[in-house]
file upload.cif (mmCIF, C-alpha atoms)
data_structure
loop_
_atom_site.label_atom_id
_atom_site.label_comp_id
_atom_site.auth_asym_id
_atom_site.auth_seq_id
_atom_site.Cartn_x
_atom_site.Cartn_y
_atom_site.Cartn_z
CA ALA A 1 153.00 -5.80 6.69
CA ASP A 2 155.16 -8.27 8.54
CA TRP A 3 158.33 -6.85 6.99
CA HIS A 4 157.40 -3.35 8.21
CA TYR A 5 156.60 -4.80 11.63
CA GLN A 6 160.06 -6.42 11.74
CA MET A 7 161.64 -3.14 10.74
CA GLY A 8 159.65 -1.32 13.42
CA ALA A 9 160.72 -3.88 16.01
CA GLY A 10 164.33 -3.39 14.95
CA TYR A 11 164.07 0.37 15.27
CA PHE A 12 162.42 -0.09 18.66
CA GLY A 13 165.34 -2.28 19.73
CA SER A 14 167.71 0.45 18.59
CA GLN A 15 165.68 3.03 20.52
CA GLU A 16 164.77 4.94 17.38
CA MET A 17 161.13 5.53 18.27
CA PRO A 18 160.04 7.87 15.46
CA LEU A 19 161.28 5.35 12.89
CA ALA A 20 159.68 2.49 14.81
CA ILE A 21 156.34 4.33 14.89
CA ARG A 22 156.59 5.02 11.15
CA GLU A 23 157.24 1.37 10.28
CA LEU A 24 154.60 0.02 12.66
CA THR A 25 152.04 2.48 11.29
CA THR A 26 152.88 1.35 7.76
CA SER A 27 152.48 -2.26 8.88
CA LEU A 28 149.00 -1.48 10.21
CA GLU A 29 148.05 0.41 7.06
CA MET A 30 148.88 -2.75 5.11
CA ASN A 31 147.28 -5.10 7.65
CA PRO A 32 145.04 -3.49 10.29
CA GLU A 33 144.77 -6.90 12.00
CA HIS A 34 148.49 -7.25 12.79
CA ALA A 35 148.24 -7.87 16.54
CA GLU A 36 151.99 -7.65 17.19
CA ALA A 37 152.25 -4.26 15.46
CA HIS A 38 149.35 -2.97 17.56
CA HIS A 39 151.01 -4.30 20.70
CA LEU A 40 154.40 -2.75 19.98
CA LEU A 41 152.83 0.60 19.09
CA GLY A 42 150.82 0.43 22.30
CA PHE A 43 153.99 -0.29 24.25
CA ILE A 44 155.77 2.68 22.68
CA TYR A 45 152.86 5.00 23.44
CA MET A 46 152.67 3.65 26.99
CA GLY A 47 156.33 4.56 27.44
CA ARG A 48 155.58 8.03 26.14
CA ARG A 49 152.68 8.28 28.60
CA ASP A 50 150.20 8.73 25.78
CA TYR A 51 147.78 6.35 27.46
CA GLN A 52 144.83 6.92 25.12
CA LYS A 53 146.84 5.85 22.07
CA ALA A 54 148.41 2.98 24.00
CA LEU A 55 144.99 1.77 25.09
CA LYS A 56 143.66 1.94 21.53
CA HIS A 57 146.45 -0.31 20.26
CA PHE A 58 146.35 -2.73 23.21
CA ASP A 59 142.57 -3.02 22.75
CA SER A 60 143.12 -3.91 19.11
CA ALA A 61 145.83 -6.44 19.91
CA VAL A 62 143.63 -8.20 22.48
CA ARG A 63 140.59 -8.10 20.17
CA ILE A 64 142.60 -9.68 17.35
CA LYS A 65 144.34 -12.24 19.58
CA PRO A 66 142.36 -12.83 22.79
CA ASP A 67 145.13 -15.09 24.13
CA PHE A 68 147.82 -12.39 23.68
CA THR A 69 148.60 -12.28 27.39
CA ILE A 70 151.39 -9.72 27.26
CA ALA A 71 149.12 -7.29 25.44
CA ARG A 72 146.39 -7.86 28.04
CA ASN A 73 148.94 -7.36 30.82
CA ASN A 74 150.17 -4.12 29.27
CA ARG A 75 146.60 -2.91 28.79
CA GLY A 76 145.97 -3.63 32.46
CA SER A 77 149.08 -1.62 33.31
CA VAL A 78 147.78 1.32 31.27
CA TYR A 79 144.51 1.10 33.19
CA LEU A 80 146.52 1.29 36.43
CA PHE A 81 148.35 4.39 35.16
CA MET A 82 145.00 5.92 34.22
CA GLU A 83 143.57 4.99 37.64
CA ARG A 84 140.86 2.90 36.00
CA TRP A 85 141.03 0.34 38.80
CA LYS A 86 138.03 -1.82 37.84
CA ASP A 87 139.21 -2.16 34.23
CA ALA A 88 142.70 -3.08 35.45
CA GLU A 89 141.26 -5.66 37.81
CA ALA A 90 139.28 -7.27 34.97
CA ASP A 91 142.36 -7.62 32.75
CA PHE A 92 144.56 -9.05 35.49
CA GLU A 93 141.80 -11.44 36.64
CA ALA A 94 141.53 -12.67 33.05
CA LEU A 95 145.27 -13.34 33.08
CA LEU A 96 144.91 -15.41 36.25
CA ASP A 97 142.27 -17.47 34.45
CA THR A 98 144.83 -18.25 31.73
CA PRO A 99 146.54 -21.51 32.77
CA LEU A 100 149.78 -20.86 30.89
CA TYR A 101 150.22 -17.23 31.94
CA PRO A 102 153.89 -17.16 33.03
CA THR A 103 153.85 -14.43 35.73
CA PRO A 104 150.71 -14.78 37.89
CA GLU A 105 152.55 -13.13 40.78
CA LEU A 106 152.62 -9.87 38.84
CA ALA A 107 148.91 -10.14 38.04
CA HIS A 108 148.16 -10.73 41.74
CA ASN A 109 150.27 -7.74 42.75
CA ASN A 110 148.55 -5.54 40.16
CA ILE A 111 145.06 -6.68 41.18
CA GLY A 112 146.06 -6.00 44.75
CA TRP A 113 147.11 -2.49 43.77
CA ALA A 114 143.76 -1.90 42.09
CA PHE A 115 141.89 -3.07 45.21
CA TYR A 116 144.19 -1.00 47.43
CA ASN A 117 143.29 2.12 45.46
CA LEU A 118 139.62 1.18 45.64
CA LYS A 119 140.16 1.11 49.43
CA ASP A 120 139.27 -2.59 49.59
CA TYR A 121 142.30 -3.33 51.75
CA SER A 122 141.32 -6.87 52.75
CA ARG A 123 141.03 -8.00 49.13
CA SER A 124 144.22 -6.16 48.21
CA LEU A 125 146.02 -7.95 51.03
CA GLU A 126 144.87 -11.35 49.72
CA HIS A 127 146.39 -10.63 46.32
CA PHE A 128 149.62 -9.12 47.67
CA LYS A 129 150.11 -12.16 49.89
CA MET A 130 149.49 -14.49 46.96
CA ALA A 131 152.07 -12.57 44.93
CA THR A 132 154.68 -13.03 47.66
CA PHE A 133 153.73 -16.69 48.02
CA LEU A 134 154.22 -17.28 44.29
CA LYS A 135 157.44 -15.25 44.14
CA PRO A 136 158.98 -14.59 47.55
CA GLN A 137 161.64 -12.29 46.08
CA LEU A 138 159.03 -9.88 44.63
CA CYS A 139 159.96 -6.90 46.78
CA ILE A 140 157.17 -4.61 45.62
CA ALA A 141 154.57 -7.15 46.71
CA HIS A 142 156.11 -7.26 50.20
CA ASN A 143 156.07 -3.46 50.30
CA ASN A 144 152.48 -3.38 49.08
CA THR A 145 151.53 -5.98 51.70
CA GLY A 146 152.91 -3.57 54.28
CA LEU A 147 150.85 -0.73 52.85
CA ALA A 148 147.68 -2.83 53.02
CA TYR A 149 148.41 -3.86 56.61
CA MET A 150 148.98 -0.20 57.50
CA ALA A 151 145.65 0.77 55.95
CA LEU A 152 143.99 -1.98 58.02
CA GLY A 153 145.68 -0.70 61.17
CA SER A 154 147.91 -3.76 61.62
CA ARG A 155 151.20 -2.05 62.32
CA LEU A 156 153.20 -5.09 63.47
CA GLU A 157 152.34 -7.06 60.31
CA ALA A 158 153.05 -3.95 58.22
CA ALA A 159 156.48 -3.54 59.81
CA GLU A 160 157.28 -7.21 59.16
CA SER A 161 156.28 -6.86 55.49
CA PHE A 162 158.31 -3.69 55.04
CA GLN A 163 161.28 -5.42 56.67
CA ARG A 164 161.01 -8.32 54.19
CA ALA A 165 161.00 -5.80 51.32
CA ILE A 166 164.13 -4.15 52.75
CA GLU A 167 165.90 -7.49 53.27
CA LYS A 168 165.15 -8.69 49.76
CA CYS A 169 165.87 -5.39 47.99
CA PRO A 170 167.98 -3.16 50.24
CA ASP A 171 168.86 -0.78 47.41
CA ASN A 172 165.21 -0.12 46.58
CA TYR A 173 163.60 0.03 50.00
CA ALA A 174 166.34 1.14 52.41
#
call {"tool": "encode", "arguments": {"input": "upload.cif", "output": "structure tokens"}}
result
Amino acid sequence: ADWHYQMGAGYFGSQEMPLAIRELTTSLEMNPEHAEAHHLLGFIYMGRRDYQKALKHFDSAVRIKPDFTIARNNRGSVYLFMERWKDAEADFEALLDTPLYPTPELAHNNIGWAFYNLKDYSRSLEHFKMATFLKPQLCIAHNNTGLAYMALGSRLEAAESFQRAIEKCPDNYA
């Protein structure tokens, strides 16, 4: 199973997705509990926007390895794509409760996005601000902070946040 997983990962790296899917599927036929194979298949399906299949594999990866933070993060991202805001929030909150999670700023930004779409602008603002505190160069969090301020009717603060996004990433936000 691990050999087929390695082959699948190699094909993925070479951008040969049908071959990657074949090898990863073979890996899972041999060992249905291969968390990494589930994760990589989920990632491929997420890229293909087949969110149901992606979710199935990310669910398996997290069930098999509850501390598989990248799989949990990717599952949370699929929930965002599917507009399942509460499910996304739960996954990203779980990541924040993981002491060694390496990118809490992304989890905060994603939780903020879930709250923003739930129209809980005050809570979204808290998370966007924490994301920018943890990583000041995270342009999307500055932009999202501006969106939350706009939704709250705070135009001056919104303009300042949008300006920070422009200053930090002029090619993306100009």
call {"tool": "residues_near_point", "arguments": {"input": "upload.cif", "point": "(142.7, -1.0, 47.8)", "cutoff": "12 Å", "atoms": "only C-alpha atoms", "output": "NGL selection string"}}
result
:A and (83 or 85-86 or 89 or 109-128 or 144-145 or 147-152)
call {"tool": "resolve_selection", "arguments": {"input": "upload.cif", "expression": "the PyMOL selection byres ((chain A and resi 132-141) around 8)", "output": "mmCIF file with C-alpha atoms, in the coordinates of the input"}}
result
data_model
loop_
_atom_site.group_PDB
_atom_site.id
_atom_site.type_symbol
_atom_site.label_atom_id
_atom_site.label_comp_id
_atom_site.auth_asym_id
_atom_site.auth_seq_id
_atom_site.Cartn_x
_atom_site.Cartn_y
_atom_site.Cartn_z
ATOM 1 C CA PRO A 104 150.710 -14.780 37.890
ATOM 2 C CA GLU A 105 152.550 -13.130 40.780
ATOM 3 C CA ASN A 109 150.270 -7.740 42.750
ATOM 4 C CA PHE A 128 149.620 -9.120 47.670
ATOM 5 C CA LYS A 129 150.110 -12.160 49.890
ATOM 6 C CA MET A 130 149.490 -14.490 46.960
ATOM 7 C CA ALA A 131 152.070 -12.570 44.930
ATOM 8 C CA HIS A 142 156.110 -7.260 50.200
ATOM 9 C CA ASN A 143 156.070 -3.460 50.300
ATOM 10 C CA ASN A 144 152.480 -3.380 49.080
ATOM 11 C CA THR A 145 151.530 -5.980 51.700
ATOM 12 C CA ARG A 164 161.010 -8.320 54.190
ATOM 13 C CA ALA A 165 161.000 -5.800 51.320
ATOM 14 C CA ILE A 166 164.130 -4.150 52.750
ATOM 15 C CA LYS A 168 165.150 -8.690 49.760
ATOM 16 C CA CYS A 169 165.870 -5.390 47.990
#
call {"tool": "atom_distance", "arguments": {"input": "upload.cif", "atom1": "CA of Tyr11 (chain A)", "atom2": "CA of Asp59 (chain A)"}}
result
23.0 Å
call {"tool": "closest_residue", "arguments": {"input": "upload.cif", "among": "A:Tyr101, A:Tyr173, A:Trp3, A:Phe12", "to": "Phe68 (chain A)", "atoms": "only C-alpha atoms"}}
result
A:Tyr101
call {"tool": "closest_residue", "arguments": {"input": "upload.cif", "among": "A:Ala94, A:Val78, A:Met7, A:Leu19", "to": "Lys56 (chain A)", "atoms": "all atoms listed in the file"}}
result
A:Val78
call {"tool": "residues_around", "arguments": {"input": "upload.cif", "residues": "Ala90 (chain A)", "least_positions_apart": "6", "cutoff": "12 Å", "atoms": "all atoms listed in the file", "output": "PyMOL selection string"}}
result
chain A and resi 72-73+75-77+79-80+84+96-97+107-108+110-112+114-115
